[in-house]
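Undergrad: Attaching a single structure in structure tokens format; questions to follow.
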Amino acid sequence: MRNLQKILALVLALVMSLSLMATAGATDFSDDAEIDETFRESVDVLNGLKVFQGYDNGAYFSPKGDITRAEVAAIIYRIATGDVSDSQVKIYADYNKFSDVPSDHWAAGYINYCTNGQYA
């Protein structure tokens with residue numbers, strides 16, 4: 001639980017720090033109008049940094065949808081490593097601590113990275 005609190009504090013500090021930066025432009029998600037104005041700047045910044053990448057290759061964001069363990073792990077991985085192109089994530093795919101996350105699952109590397117770092 002303490003590790004989760006640390007990660008959430010890190011993400012919050014990052015979002016707050018980045019919200020001070022001017023964003024280069026709005027997101028191009030098809031459901032952009034559904035993003036609450038309270039969070040728009042944060043979404044724009046994290047999307048610009050490619051921490052948030054949306055669904056279907058960035059076609060939509062789904063701001064009112066539920067976020068999964070896999071999606072949170074991907075966000076944590078991208079923030080902690082800076083690997084927003086996900087070029088190194090496959091290194092962690094075989095760690096396999098969870099029986100419901102096989103090595104070929106799309107998020108295996110992200111989840112296993114977080115587990116290995118004791119964020120999970």
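Quick note on naming: the chains in the structure tokens go A, B, ... in the order shown, residues restart at 1 in each chain, and ligands are numbered from 1 in order of appearance.
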Pick out the residues sitting within 10 Å of Gly82 (chain A), and hand them over as a list in words; count only C-alpha atoms, and ignore anything fewer than 5 positions along from it in its own chain.
TA: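 So the residues in contact are Leu49, Lys50, Val51, Ile76 and Tyr77 of chain A.
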Undergrad: Would you write out those residues with all heavy atoms, as a compact mmCIF listing (two decimals), in the first residue's frame?
TA:
# COMPACT_ATOMS: atom_id res chain seq x y z
N LEU A 49 3.38 14.20 -24.06
CA LEU A 49 4.59 13.47 -23.64
C LEU A 49 4.52 11.99 -23.99
O LEU A 49 5.46 11.25 -23.72
CB LEU A 49 4.80 13.63 -22.13
CG LEU A 49 5.16 15.02 -21.66
CD1 LEU A 49 5.14 15.10 -20.14
CD2 LEU A 49 6.52 15.43 -22.19
N LYS A 50 3.39 11.57 -24.53
CA LYS A 50 3.11 10.20 -24.93
C LYS A 50 3.01 9.23 -23.76
O LYS A 50 3.18 8.03 -23.92
CB LYS A 50 4.12 9.70 -25.98
CG LYS A 50 4.08 10.53 -27.25
CD LYS A 50 4.77 9.82 -28.38
CE LYS A 50 4.81 10.66 -29.62
NZ LYS A 50 3.55 10.98 -30.19
N VAL A 51 2.73 9.75 -22.57
CA VAL A 51 2.43 8.90 -21.43
C VAL A 51 1.03 8.34 -21.60
O VAL A 51 0.79 7.16 -21.41
CB VAL A 51 2.58 9.68 -20.10
CG1 VAL A 51 2.07 8.86 -18.93
CG2 VAL A 51 4.02 10.09 -19.88
N ILE A 76 2.59 4.06 -15.43
CA ILE A 76 3.69 4.06 -14.47
C ILE A 76 5.00 3.73 -15.16
O ILE A 76 6.02 4.40 -14.95
CB ILE A 76 3.42 3.08 -13.31
CG1 ILE A 76 2.27 3.60 -12.46
CG2 ILE A 76 4.67 2.87 -12.46
CD1 ILE A 76 1.75 2.60 -11.45
N TYR A 77 4.99 2.71 -16.03
CA TYR A 77 6.20 2.33 -16.76
C TYR A 77 6.74 3.50 -17.59
O TYR A 77 7.93 3.81 -17.55
CB TYR A 77 5.91 1.13 -17.68
CG TYR A 77 7.03 0.83 -18.64
CD1 TYR A 77 8.12 0.07 -18.24
CD2 TYR A 77 7.02 1.34 -19.94
CE1 TYR A 77 9.18 -0.19 -19.11
CE2 TYR A 77 8.06 1.08 -20.82
CZ TYR A 77 9.14 0.32 -20.40
OH TYR A 77 10.18 0.07 -21.26
Undergrad: Please provide as a PDB file with N, CA, C and O atoms, in the first residue's frame all residues within 9 Å of region 58-70 of chain A, with the sequence filter that same-chain residues fewer than 3 positions apart are discarded (counting only C-alpha atoms).
TA:
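The resulting around17.pdb:
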ATOM      1  N   ASP A  28      -6.105  15.265 -30.057  1.00  0.00           N
ATOM      2  CA  ASP A  28      -6.849  14.989 -31.282  1.00  0.00           C
ATOM      3  C   ASP A  28      -7.726  13.760 -31.130  1.00  0.00           C
ATOM      4  O   ASP A  28      -8.009  13.077 -32.105  1.00  0.00           O
ATOM      5  N   PHE A  29      -8.142  13.452 -29.916  1.00  0.00           N
ATOM      6  CA  PHE A  29      -9.001  12.310 -29.691  1.00  0.00           C
ATOM      7  C   PHE A  29     -10.393  12.592 -30.244  1.00  0.00           C
ATOM      8  O   PHE A  29     -10.900  13.706 -30.121  1.00  0.00           O
ATOM      9  N   SER A  30     -11.030  11.582 -30.797  1.00  0.00           N
ATOM     10  CA  SER A  30     -12.377  11.774 -31.335  1.00  0.00           C
ATOM     11  C   SER A  30     -13.388  12.092 -30.244  1.00  0.00           C
ATOM     12  O   SER A  30     -14.404  12.728 -30.509  1.00  0.00           O
ATOM     13  N   ASP A  31     -13.114  11.674 -29.005  1.00  0.00           N
ATOM     14  CA  ASP A  31     -14.012  11.953 -27.884  1.00  0.00           C
ATOM     15  C   ASP A  31     -13.469  13.078 -26.995  1.00  0.00           C
ATOM     16  O   ASP A  31     -13.768  13.157 -25.812  1.00  0.00           O
ATOM     17  N   ASP A  32     -12.704  13.960 -27.588  1.00  0.00           N
ATOM     18  CA  ASP A  32     -12.083  15.080 -26.884  1.00  0.00           C
ATOM     19  C   ASP A  32     -13.106  15.915 -26.108  1.00  0.00           C
ATOM     20  O   ASP A  32     -12.816  16.414 -25.026  1.00  0.00           O
ATOM     21  N   GLU A  34     -15.517  15.007 -24.399  1.00  0.00           N
ATOM     22  CA  GLU A  34     -15.915  14.353 -23.151  1.00  0.00           C
ATOM     23  C   GLU A  34     -14.910  14.556 -22.021  1.00  0.00           C
ATOM     24  O   GLU A  34     -15.186  14.195 -20.878  1.00  0.00           O
ATOM     25  N   ILE A  35     -13.744  15.114 -22.326  1.00  0.00           N
ATOM     26  CA  ILE A  35     -12.724  15.336 -21.296  1.00  0.00           C
ATOM     27  C   ILE A  35     -13.134  16.546 -20.475  1.00  0.00           C
ATOM     28  O   ILE A  35     -13.332  17.639 -20.997  1.00  0.00           O
ATOM     29  N   ASP A  36     -13.279  16.356 -19.168  1.00  0.00           N
ATOM     30  CA  ASP A  36     -13.682  17.419 -18.257  1.00  0.00           C
ATOM     31  C   ASP A  36     -12.638  18.538 -18.287  1.00  0.00           C
ATOM     32  O   ASP A  36     -11.436  18.275 -18.291  1.00  0.00           O
ATOM     33  N   PHE A  52       0.085   9.215 -21.974  1.00  0.00           N
ATOM     34  CA  PHE A  52      -1.255   8.779 -22.376  1.00  0.00           C
ATOM     35  C   PHE A  52      -1.227   8.629 -23.890  1.00  0.00           C
ATOM     36  O   PHE A  52      -0.881   9.575 -24.590  1.00  0.00           O
ATOM     37  N   GLN A  53      -1.613   7.464 -24.388  1.00  0.00           N
ATOM     38  CA  GLN A  53      -1.565   7.245 -25.830  1.00  0.00           C
ATOM     39  C   GLN A  53      -2.927   6.929 -26.432  1.00  0.00           C
ATOM     40  O   GLN A  53      -3.032   6.777 -27.643  1.00  0.00           O
ATOM     41  N   GLY A  54      -3.952   6.853 -25.613  1.00  0.00           N
ATOM     42  CA  GLY A  54      -5.297   6.614 -26.114  1.00  0.00           C
ATOM     43  C   GLY A  54      -5.496   5.181 -26.593  1.00  0.00           C
ATOM     44  O   GLY A  54      -4.634   4.324 -26.441  1.00  0.00           O
ATOM     45  N   TYR A  55      -6.663   4.947 -27.167  1.00  0.00           N
ATOM     46  CA  TYR A  55      -7.040   3.634 -27.682  1.00  0.00           C
ATOM     47  C   TYR A  55      -7.039   3.670 -29.203  1.00  0.00           C
ATOM     48  O   TYR A  55      -7.216   4.728 -29.808  1.00  0.00           O
ATOM     49  N   ALA A  73      -0.396   0.323 -15.155  1.00  0.00           N
ATOM     50  CA  ALA A  73       0.980  -0.169 -15.237  1.00  0.00           C
ATOM     51  C   ALA A  73       1.716   0.454 -16.426  1.00  0.00           C
ATOM     52  O   ALA A  73       2.889   0.822 -16.314  1.00  0.00           O
ATOM     53  N   ALA A  74       1.043   0.598 -17.556  1.00  0.00           N
ATOM     54  CA  ALA A  74       1.662   1.218 -18.735  1.00  0.00           C
ATOM     55  C   ALA A  74       2.015   2.677 -18.439  1.00  0.00           C
ATOM     56  O   ALA A  74       3.099   3.152 -18.808  1.00  0.00           O
ATOM     57  N   ILE A  75       1.121   3.391 -17.768  1.00  0.00           N
ATOM     58  CA  ILE A  75       1.383   4.788 -17.420  1.00  0.00           C
ATOM     59  C   ILE A  75       2.570   4.886 -16.466  1.00  0.00           C
ATOM     60  O   ILE A  75       3.479   5.703 -16.669  1.00  0.00           O
ATOM     61  N   TRP A 106      -0.689  -8.230 -23.898  1.00  0.00           N
ATOM     62  CA  TRP A 106      -0.179  -6.936 -24.362  1.00  0.00           C
ATOM     63  C   TRP A 106       0.473  -6.125 -23.245  1.00  0.00           C
ATOM     64  O   TRP A 106       1.402  -5.349 -23.479  1.00  0.00           O
ATOM     65  N   ALA A 107       0.036  -6.316 -22.011  1.00  0.00           N
ATOM     66  CA  ALA A 107       0.553  -5.508 -20.903  1.00  0.00           C
ATOM     67  C   ALA A 107       1.500  -6.267 -19.989  1.00  0.00           C
ATOM     68  O   ALA A 107       1.862  -5.761 -18.929  1.00  0.00           O
ATOM     69  N   ALA A 108       1.915  -7.454 -20.376  1.00  0.00           N
ATOM     70  CA  ALA A 108       2.774  -8.263 -19.505  1.00  0.00           C
ATOM     71  C   ALA A 108       4.031  -7.508 -19.079  1.00  0.00           C
ATOM     72  O   ALA A 108       4.399  -7.512 -17.907  1.00  0.00           O
ATOM     73  N   TYR A 110       4.574  -4.263 -18.876  1.00  0.00           N
ATOM     74  CA  TYR A 110       4.263  -3.144 -17.982  1.00  0.00           C
ATOM     75  C   TYR A 110       3.949  -3.647 -16.575  1.00  0.00           C
ATOM     76  O   TYR A 110       4.470  -3.136 -15.585  1.00  0.00           O
ATOM     77  N   ILE A 111       3.070  -4.656 -16.495  1.00  0.00           N
ATOM     78  CA  ILE A 111       2.662  -5.204 -15.194  1.00  0.00           C
ATOM     79  C   ILE A 111       3.859  -5.821 -14.486  1.00  0.00           C
ATOM     80  O   ILE A 111       4.080  -5.600 -13.293  1.00  0.00           O
TER      81      ILE A 111
END
Undergrad: Applying 10 Å and only C-alpha atoms, which residues near Tyr92 (chain A) remain after dropping the ones on its own chain fewer than 3 positions away? List them as an NGL selection string.
TA: :A and (88-89 or 95-96 or 103 or 107-116)
Undergrad: From the list A:Glu37, A:Arg78, A:Asp104, A:Gly48, which residue is nearest Lys90 (chain A) when using only C-alpha atoms?
TA: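 Looking only at the distances to Lys90 (chain A), the closest residue turns out to be A:Asp104.
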